[in-house]
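The data block below is structure30.txt; it holds compact mmCIF, N, CA and C atoms.
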```txt
# COMPACT_ATOMS: atom_id res chain seq x y z
N MET L 974 -9.67 -6.99 -0.27
CA MET L 974 -9.89 -5.64 -0.78
C MET L 974 -10.44 -4.79 0.37
N ASN L 975 -9.87 -3.62 0.56
CA ASN L 975 -10.33 -2.66 1.56
C ASN L 975 -11.22 -1.64 0.87
N THR L 976 -12.20 -1.13 1.59
CA THR L 976 -13.14 -0.18 1.01
C THR L 976 -13.30 1.05 1.90
N LEU L 977 -13.24 2.22 1.27
CA LEU L 977 -13.50 3.49 1.94
C LEU L 977 -14.56 4.22 1.12
N THR L 978 -15.25 5.12 1.77
CA THR L 978 -16.28 5.91 1.10
C THR L 978 -16.02 7.39 1.35
N ALA L 979 -16.18 8.19 0.32
CA ALA L 979 -16.07 9.65 0.45
C ALA L 979 -17.34 10.27 -0.11
N SER L 980 -18.04 11.00 0.74
CA SER L 980 -19.27 11.62 0.28
C SER L 980 -19.03 13.03 -0.25
N ASN L 981 -17.82 13.55 -0.06
CA ASN L 981 -17.46 14.85 -0.62
C ASN L 981 -15.94 14.93 -0.75
N LEU L 982 -15.48 15.97 -1.42
CA LEU L 982 -14.05 16.11 -1.68
C LEU L 982 -13.23 16.23 -0.40
N ASP L 983 -13.80 16.86 0.62
CA ASP L 983 -13.06 17.02 1.87
C ASP L 983 -12.69 15.69 2.51
N GLU L 984 -13.47 14.66 2.27
CA GLU L 984 -13.19 13.35 2.86
C GLU L 984 -12.08 12.60 2.13
N LEU L 985 -11.65 13.10 0.98
CA LEU L 985 -10.58 12.43 0.25
C LEU L 985 -9.24 12.55 0.97
N ALA L 986 -9.06 13.57 1.80
CA ALA L 986 -7.83 13.68 2.59
C ALA L 986 -7.72 12.49 3.53
N PHE L 987 -8.82 12.13 4.17
CA PHE L 987 -8.84 10.96 5.06
C PHE L 987 -8.56 9.69 4.27
N VAL L 988 -9.17 9.58 3.09
CA VAL L 988 -8.97 8.41 2.24
C VAL L 988 -7.49 8.28 1.87
N ALA L 989 -6.88 9.37 1.42
CA ALA L 989 -5.48 9.33 1.02
C ALA L 989 -4.58 8.96 2.20
N ASN L 990 -4.83 9.56 3.35
CA ASN L 990 -4.03 9.25 4.53
C ASN L 990 -4.17 7.80 4.94
N THR L 991 -5.38 7.29 4.90
CA THR L 991 -5.64 5.90 5.29
C THR L 991 -4.93 4.93 4.36
N ILE L 992 -5.03 5.17 3.06
CA ILE L 992 -4.39 4.27 2.09
C ILE L 992 -2.87 4.32 2.24
N LEU L 993 -2.29 5.51 2.37
CA LEU L 993 -0.84 5.61 2.54
C LEU L 993 -0.38 4.91 3.81
N THR L 994 -1.17 5.02 4.87
CA THR L 994 -0.83 4.36 6.13
C THR L 994 -0.95 2.84 6.00
N ASP L 995 -2.07 2.39 5.44
CA ASP L 995 -2.29 0.94 5.28
C ASP L 995 -1.27 0.30 4.36
N MET L 996 -0.82 1.02 3.37
CA MET L 996 0.07 0.46 2.35
C MET L 996 1.50 0.98 2.51
N LYS L 997 1.85 1.34 3.72
CA LYS L 997 3.21 1.84 4.02
C LYS L 997 4.23 0.83 3.50
N GLY L 998 5.27 1.35 2.87
CA GLY L 998 6.30 0.49 2.31
C GLY L 998 6.08 0.18 0.83
N HIS L 999 4.93 0.58 0.30
CA HIS L 999 4.64 0.39 -1.12
C HIS L 999 4.59 1.76 -1.78
N ASN L 1000 5.13 1.86 -2.97
CA ASN L 1000 5.24 3.18 -3.59
C ASN L 1000 4.59 3.29 -4.97
N ILE L 1001 4.09 2.20 -5.52
CA ILE L 1001 3.43 2.24 -6.83
C ILE L 1001 1.92 2.13 -6.59
N PHE L 1002 1.18 3.14 -7.05
CA PHE L 1002 -0.27 3.19 -6.87
C PHE L 1002 -0.94 3.30 -8.23
N ALA L 1003 -1.65 2.25 -8.63
CA ALA L 1003 -2.36 2.20 -9.89
C ALA L 1003 -3.82 2.56 -9.61
N ILE L 1004 -4.25 3.71 -10.12
CA ILE L 1004 -5.56 4.25 -9.77
C ILE L 1004 -6.47 4.19 -10.98
N ASN L 1005 -7.53 3.40 -10.84
CA ASN L 1005 -8.44 3.14 -11.94
C ASN L 1005 -9.82 3.70 -11.61
N GLY L 1006 -10.56 4.01 -12.63
CA GLY L 1006 -11.92 4.50 -12.49
C GLY L 1006 -12.33 5.20 -13.77
N PRO L 1007 -13.61 5.38 -13.97
CA PRO L 1007 -14.08 6.03 -15.19
C PRO L 1007 -13.68 7.51 -15.23
N MET L 1008 -13.76 8.09 -16.42
CA MET L 1008 -13.49 9.51 -16.59
C MET L 1008 -14.36 10.30 -15.60
N GLY L 1009 -13.74 11.23 -14.89
CA GLY L 1009 -14.47 12.08 -13.96
C GLY L 1009 -14.73 11.47 -12.60
N ALA L 1010 -14.19 10.28 -12.33
CA ALA L 1010 -14.44 9.61 -11.05
C ALA L 1010 -13.67 10.24 -9.90
N GLY L 1011 -12.57 10.94 -10.22
CA GLY L 1011 -11.80 11.58 -9.16
C GLY L 1011 -10.38 11.06 -9.01
N LYS L 1012 -9.83 10.46 -10.04
CA LYS L 1012 -8.48 9.93 -9.96
C LYS L 1012 -7.46 11.03 -9.67
N THR L 1013 -7.50 12.09 -10.46
CA THR L 1013 -6.55 13.19 -10.26
C THR L 1013 -6.78 13.86 -8.92
N THR L 1014 -8.01 14.02 -8.52
CA THR L 1014 -8.32 14.64 -7.24
C THR L 1014 -7.76 13.82 -6.08
N LEU L 1015 -7.88 12.50 -6.16
CA LEU L 1015 -7.32 11.64 -5.13
C LEU L 1015 -5.79 11.75 -5.12
N ILE L 1016 -5.18 11.80 -6.29
CA ILE L 1016 -3.72 11.94 -6.37
C ILE L 1016 -3.29 13.27 -5.76
N LYS L 1017 -4.06 14.32 -5.97
CA LYS L 1017 -3.75 15.61 -5.31
C LYS L 1017 -3.71 15.44 -3.81
N GLU L 1018 -4.65 14.68 -3.27
CA GLU L 1018 -4.69 14.45 -1.82
C GLU L 1018 -3.51 13.60 -1.34
N PHE L 1019 -3.13 12.60 -2.13
CA PHE L 1019 -1.93 11.84 -1.80
C PHE L 1019 -0.73 12.78 -1.72
N CYS L 1020 -0.62 13.67 -2.69
CA CYS L 1020 0.51 14.60 -2.73
C CYS L 1020 0.51 15.55 -1.52
N VAL L 1021 -0.66 16.03 -1.13
CA VAL L 1021 -0.75 16.87 0.06
C VAL L 1021 -0.25 16.08 1.28
N GLU L 1022 -0.68 14.84 1.40
CA GLU L 1022 -0.26 13.99 2.52
C GLU L 1022 1.26 13.76 2.52
N LEU L 1023 1.87 13.79 1.35
CA LEU L 1023 3.31 13.59 1.24
C LEU L 1023 4.10 14.90 1.35
N GLY L 1024 3.39 16.00 1.60
CA GLY L 1024 4.05 17.28 1.81
C GLY L 1024 4.34 18.09 0.57
N ILE L 1025 3.68 17.78 -0.51
CA ILE L 1025 3.89 18.52 -1.75
C ILE L 1025 3.03 19.78 -1.71
N THR L 1026 3.67 20.91 -1.96
CA THR L 1026 2.95 22.19 -1.94
C THR L 1026 2.76 22.75 -3.35
N GLU L 1027 3.39 22.12 -4.34
CA GLU L 1027 3.23 22.56 -5.73
C GLU L 1027 1.81 22.27 -6.21
N VAL L 1028 1.43 22.93 -7.30
CA VAL L 1028 0.15 22.65 -7.93
C VAL L 1028 0.25 21.27 -8.59
N VAL L 1029 -0.70 20.41 -8.28
CA VAL L 1029 -0.74 19.06 -8.85
C VAL L 1029 -1.82 19.04 -9.92
N SER L 1030 -1.43 18.64 -11.13
CA SER L 1030 -2.40 18.56 -12.22
C SER L 1030 -2.10 17.31 -13.04
N SER L 1031 -3.10 16.87 -13.76
CA SER L 1031 -2.95 15.65 -14.54
C SER L 1031 -1.99 15.87 -15.71
N PRO L 1032 -1.02 14.98 -15.88
CA PRO L 1032 -0.07 15.10 -16.99
C PRO L 1032 -0.60 14.45 -18.27
N THR L 1033 -1.79 14.80 -18.66
CA THR L 1033 -2.46 14.15 -19.78
C THR L 1033 -1.62 14.15 -21.05
N PHE L 1034 -0.97 15.24 -21.36
CA PHE L 1034 -0.20 15.30 -22.60
C PHE L 1034 1.28 15.00 -22.40
N ALA L 1035 1.81 15.30 -21.22
CA ALA L 1035 3.23 15.05 -20.94
C ALA L 1035 3.47 13.60 -20.50
N LEU L 1036 2.45 12.88 -20.11
CA LEU L 1036 2.46 11.53 -19.58
C LEU L 1036 2.94 11.45 -18.14
N VAL L 1037 3.89 12.30 -17.73
CA VAL L 1037 4.38 12.24 -16.35
C VAL L 1037 4.69 13.65 -15.84
N ASN L 1038 4.30 13.93 -14.61
CA ASN L 1038 4.68 15.13 -13.89
C ASN L 1038 5.53 14.71 -12.71
N GLU L 1039 6.49 15.54 -12.36
CA GLU L 1039 7.33 15.28 -11.20
C GLU L 1039 7.11 16.39 -10.18
N TYR L 1040 6.90 15.99 -8.93
CA TYR L 1040 6.73 16.94 -7.84
C TYR L 1040 7.79 16.64 -6.79
N SER L 1041 8.07 17.63 -5.93
CA SER L 1041 9.03 17.44 -4.85
C SER L 1041 8.30 17.39 -3.53
N ALA L 1042 8.56 16.34 -2.77
CA ALA L 1042 7.96 16.18 -1.44
C ALA L 1042 8.82 16.91 -0.41
N ASN L 1043 8.32 16.99 0.83
CA ASN L 1043 9.05 17.64 1.91
C ASN L 1043 10.46 17.11 2.07
N ASN L 1044 10.63 15.82 1.87
CA ASN L 1044 11.95 15.21 2.02
C ASN L 1044 12.80 15.38 0.76
N GLU L 1045 12.30 16.18 -0.17
CA GLU L 1045 12.96 16.49 -1.44
C GLU L 1045 13.07 15.28 -2.37
N GLU L 1046 12.41 14.19 -2.02
CA GLU L 1046 12.35 13.04 -2.91
C GLU L 1046 11.29 13.32 -3.97
N PRO L 1047 11.54 12.95 -5.21
CA PRO L 1047 10.52 13.19 -6.24
C PRO L 1047 9.32 12.25 -6.08
N VAL L 1048 8.18 12.76 -6.49
CA VAL L 1048 6.95 11.99 -6.56
C VAL L 1048 6.49 12.11 -8.01
N TYR L 1049 6.13 10.97 -8.61
CA TYR L 1049 5.77 10.95 -10.02
C TYR L 1049 4.28 10.69 -10.20
N HIS L 1050 3.69 11.41 -11.14
CA HIS L 1050 2.26 11.31 -11.43
C HIS L 1050 2.12 11.04 -12.93
N PHE L 1051 1.57 9.89 -13.26
CA PHE L 1051 1.41 9.47 -14.65
C PHE L 1051 -0.06 9.50 -15.06
N ASP L 1052 -0.29 9.84 -16.32
CA ASP L 1052 -1.62 9.74 -16.91
C ASP L 1052 -1.44 9.10 -18.28
N PHE L 1053 -1.86 7.85 -18.39
CA PHE L 1053 -1.66 7.10 -19.63
C PHE L 1053 -2.90 7.07 -20.52
N TYR L 1054 -3.85 7.94 -20.26
CA TYR L 1054 -5.10 7.95 -21.01
C TYR L 1054 -4.89 8.06 -22.52
N ARG L 1055 -3.95 8.87 -22.94
CA ARG L 1055 -3.78 9.16 -24.36
C ARG L 1055 -2.76 8.27 -25.07
N ILE L 1056 -2.15 7.30 -24.37
CA ILE L 1056 -1.16 6.49 -25.08
C ILE L 1056 -1.85 5.59 -26.10
N LYS L 1057 -1.19 5.42 -27.21
CA LYS L 1057 -1.73 4.56 -28.27
C LYS L 1057 -0.96 3.25 -28.35
N LYS L 1058 0.34 3.31 -28.01
CA LYS L 1058 1.19 2.12 -28.06
C LYS L 1058 2.10 2.12 -26.83
N LEU L 1059 2.45 0.93 -26.38
CA LEU L 1059 3.36 0.81 -25.24
C LEU L 1059 4.72 1.43 -25.52
N ASP L 1060 5.08 1.55 -26.79
CA ASP L 1060 6.35 2.18 -27.13
C ASP L 1060 6.46 3.59 -26.56
N GLU L 1061 5.33 4.28 -26.46
CA GLU L 1061 5.35 5.63 -25.89
C GLU L 1061 5.80 5.61 -24.43
N VAL L 1062 5.41 4.57 -23.72
CA VAL L 1062 5.78 4.43 -22.32
C VAL L 1062 7.26 4.05 -22.21
N PHE L 1063 7.72 3.20 -23.11
CA PHE L 1063 9.14 2.87 -23.15
C PHE L 1063 9.97 4.11 -23.45
N ASP L 1064 9.46 4.98 -24.34
CA ASP L 1064 10.19 6.18 -24.74
C ASP L 1064 10.42 7.15 -23.59
N ILE L 1065 9.54 7.17 -22.60
CA ILE L 1065 9.75 8.08 -21.47
C ILE L 1065 10.63 7.43 -20.39
N GLY L 1066 11.03 6.19 -20.61
CA GLY L 1066 11.90 5.52 -19.65
C GLY L 1066 11.18 5.13 -18.38
N TYR L 1067 10.02 4.52 -18.53
CA TYR L 1067 9.17 4.20 -17.39
C TYR L 1067 9.91 3.42 -16.30
N GLU L 1068 10.88 2.57 -16.67
CA GLU L 1068 11.58 1.75 -15.68
C GLU L 1068 12.27 2.61 -14.64
N GLU L 1069 12.86 3.72 -15.08
CA GLU L 1069 13.56 4.61 -14.15
C GLU L 1069 12.60 5.18 -13.11
N TYR L 1070 11.37 5.37 -13.47
CA TYR L 1070 10.37 5.88 -12.53
C TYR L 1070 9.82 4.75 -11.66
N PHE L 1071 9.31 3.71 -12.30
CA PHE L 1071 8.63 2.63 -11.58
C PHE L 1071 9.54 1.89 -10.61
N TYR L 1072 10.84 1.83 -10.90
CA TYR L 1072 11.78 1.09 -10.06
C TYR L 1072 12.71 2.01 -9.29
N SER L 1073 12.28 3.25 -9.08
CA SER L 1073 13.12 4.26 -8.40
C SER L 1073 12.96 4.24 -6.88
N ASP L 1074 11.99 3.52 -6.36
CA ASP L 1074 11.64 3.54 -4.93
C ASP L 1074 10.98 4.85 -4.52
N ASN L 1075 10.63 5.69 -5.48
CA ASN L 1075 9.87 6.90 -5.20
C ASN L 1075 8.39 6.62 -5.47
N TYR L 1076 7.53 7.45 -4.89
CA TYR L 1076 6.10 7.28 -5.12
C TYR L 1076 5.76 7.52 -6.58
N CYS L 1077 4.95 6.62 -7.13
CA CYS L 1077 4.41 6.75 -8.49
C CYS L 1077 2.90 6.57 -8.40
N PHE L 1078 2.17 7.56 -8.85
CA PHE L 1078 0.72 7.49 -8.90
C PHE L 1078 0.32 7.45 -10.38
N ILE L 1079 -0.41 6.41 -10.76
CA ILE L 1079 -0.65 6.11 -12.17
C ILE L 1079 -2.14 6.13 -12.48
N GLU L 1080 -2.54 7.06 -13.36
CA GLU L 1080 -3.92 7.08 -13.85
C GLU L 1080 -3.99 6.25 -15.13
N TRP L 1081 -5.09 5.56 -15.32
CA TRP L 1081 -5.33 4.68 -16.46
C TRP L 1081 -4.29 3.55 -16.51
N PRO L 1082 -4.06 2.87 -15.39
CA PRO L 1082 -3.04 1.82 -15.34
C PRO L 1082 -3.37 0.60 -16.19
N GLU L 1083 -4.64 0.41 -16.51
CA GLU L 1083 -5.02 -0.77 -17.30
C GLU L 1083 -4.35 -0.77 -18.67
N LEU L 1084 -3.89 0.41 -19.11
CA LEU L 1084 -3.23 0.51 -20.41
C LEU L 1084 -1.76 0.08 -20.37
N VAL L 1085 -1.23 -0.08 -19.14
CA VAL L 1085 0.19 -0.44 -18.99
C VAL L 1085 0.38 -1.57 -17.98
N LEU L 1086 -0.66 -2.34 -17.72
CA LEU L 1086 -0.58 -3.37 -16.68
C LEU L 1086 0.64 -4.27 -16.81
N GLU L 1087 0.97 -4.64 -18.02
CA GLU L 1087 2.10 -5.56 -18.20
C GLU L 1087 3.44 -4.93 -17.84
N LEU L 1088 3.48 -3.61 -17.70
CA LEU L 1088 4.73 -2.92 -17.37
C LEU L 1088 4.87 -2.62 -15.88
N LEU L 1089 3.78 -2.77 -15.14
CA LEU L 1089 3.84 -2.46 -13.71
C LEU L 1089 4.73 -3.44 -12.98
N PRO L 1090 5.38 -2.97 -11.92
CA PRO L 1090 6.20 -3.88 -11.11
C PRO L 1090 5.36 -5.04 -10.58
N GLN L 1091 6.03 -6.04 -10.08
CA GLN L 1091 5.34 -7.24 -9.61
C GLN L 1091 4.35 -6.93 -8.49
N SER L 1092 4.65 -5.94 -7.68
CA SER L 1092 3.78 -5.59 -6.55
C SER L 1092 3.42 -4.11 -6.63
N TYR L 1093 2.12 -3.82 -6.51
CA TYR L 1093 1.66 -2.43 -6.53
C TYR L 1093 0.32 -2.36 -5.81
N VAL L 1094 -0.04 -1.14 -5.42
CA VAL L 1094 -1.33 -0.90 -4.78
C VAL L 1094 -2.33 -0.57 -5.88
N TYR L 1095 -3.39 -1.35 -5.93
CA TYR L 1095 -4.45 -1.12 -6.92
C TYR L 1095 -5.60 -0.41 -6.24
N ILE L 1096 -6.05 0.69 -6.85
CA ILE L 1096 -7.15 1.49 -6.31
C ILE L 1096 -8.21 1.62 -7.40
N LEU L 1097 -9.44 1.30 -7.05
CA LEU L 1097 -10.56 1.46 -7.97
C LEU L 1097 -11.55 2.43 -7.36
N ILE L 1098 -11.84 3.50 -8.10
CA ILE L 1098 -12.80 4.51 -7.65
C ILE L 1098 -14.11 4.28 -8.40
N GLU L 1099 -15.18 4.11 -7.66
CA GLU L 1099 -16.50 3.96 -8.25
C GLU L 1099 -17.35 5.16 -7.85
N GLU L 1100 -18.02 5.73 -8.82
CA GLU L 1100 -18.88 6.88 -8.57
C GLU L 1100 -20.30 6.39 -8.36
N LYS L 1101 -20.87 6.78 -7.25
CA LYS L 1101 -22.24 6.40 -6.92
C LYS L 1101 -23.14 7.63 -7.01
N GLU L 1102 -24.39 7.45 -6.65
CA GLU L 1102 -25.34 8.57 -6.68
C GLU L 1102 -24.92 9.67 -5.72
N ASN L 1103 -25.35 10.88 -6.02
CA ASN L 1103 -25.11 12.05 -5.17
C ASN L 1103 -23.62 12.35 -4.97
N GLY L 1104 -22.77 11.96 -5.91
CA GLY L 1104 -21.35 12.28 -5.84
C GLY L 1104 -20.54 11.44 -4.87
N ILE L 1105 -21.14 10.43 -4.29
CA ILE L 1105 -20.42 9.56 -3.36
C ILE L 1105 -19.42 8.71 -4.15
N ARG L 1106 -18.21 8.59 -3.61
CA ARG L 1106 -17.18 7.76 -4.22
C ARG L 1106 -16.88 6.58 -3.29
N VAL L 1107 -16.86 5.40 -3.88
CA VAL L 1107 -16.43 4.20 -3.16
C VAL L 1107 -15.04 3.88 -3.66
N ILE L 1108 -14.08 3.83 -2.74
CA ILE L 1108 -12.69 3.60 -3.10
C ILE L 1108 -12.27 2.24 -2.56
N ASN L 1109 -12.01 1.31 -3.46
CA ASN L 1109 -11.54 -0.02 -3.11
C ASN L 1109 -10.04 -0.06 -3.37
N TYR L 1110 -9.29 -0.65 -2.45
CA TYR L 1110 -7.84 -0.73 -2.66
C TYR L 1110 -7.29 -2.01 -2.05
N SER L 1111 -6.22 -2.49 -2.69
CA SER L 1111 -5.56 -3.70 -2.20
C SER L 1111 -4.16 -3.76 -2.79
N LEU L 1112 -3.34 -4.59 -2.16
CA LEU L 1112 -2.03 -4.85 -2.70
C LEU L 1112 -2.20 -5.91 -3.77
N ASN L 1113 -1.68 -5.63 -4.95
CA ASN L 1113 -1.82 -6.53 -6.07
C ASN L 1113 -0.43 -7.05 -6.46
N THR L 1114 -0.36 -8.33 -6.71
CA THR L 1114 0.88 -8.92 -7.21
C THR L 1114 0.53 -9.75 -8.43
N HIS L 1115 1.44 -9.71 -9.38
CA HIS L 1115 1.21 -10.50 -10.61
C HIS L 1115 2.49 -11.13 -11.07
```

Please express the file's structure as structure tokens.
Amino acid sequence: MNTLTASNLDELAFVANTILTDMKGHNIFAINGPMGAGKTTLIKEFCVELGITEVVSSPTFALVNEYSANNEEPVYHFDFYRIKKLDEVFDIGYEEYFYSDNYCFIEWPELVLELLPQSYVYILIEEKENGIRVINYSLNTH
């Protein structure tokens, strides 16, 4: 497990760049952490690093947002916080996204762990005192 620390929001750009560089060749990112830990904010930084200029926001009700990167490849952002049954994830055709070879950033991945591809980058954000975030990440296979 690799660990990075961000003492403010400005340092999340470095965190996003470092993780994308370290995990080059991997496109599924499962981002876990408590409510308010900064999952969406970190995903915004990933998107900036990938050249996305659109407004990035959590797809809490839509389940998935699609953004266009500089290379015009889509980038997908999922928020599974509100799902009640896995059938909802099947209904949006998750396989087409997860197995597309495009970047997928997933909030609340613990609710869909059994659906994730065999290999993905797992990120855990822990909130410490004074707003400091500890970001642990590793390649996970199951």

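From CA of Ala989 (chain L) back to CA of Tyr1070 (chain L), the distance works out to 21.1 Å.
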
Distance in Å - CA of Phe1063 (chain L) versus CA of Val1085 (chain L): 10.4 Å

Let me make sure I understand: among L:Met996, L:Val1048, L:Ala1003, L:Ala1035, which one has the smallest atom-to-atom distance to Pro1082 (chain L) if we use all atoms listed in the file? L:Ala1003

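Of the residues listed (L:Asn981, L:Asp1052, L:Asn1000, L:Ile1025), L:Asp1052 shows the shortest atom-to-atom separation from Asn1038 (chain L); distances use all atoms listed in the file.
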
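Put simply, CA of Met1008 (chain L) is 17.3 Å away from CA of Leu985 (chain L).
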
For Tyr1076 (chain L), please output as an MDAnalysis selection string all residues within 6 Å (counting only N, CA and C atoms; exclusion window: fewer than 2 positions along the same chain). chainID L and resid 1000:1001 1047:1049 1074 1078
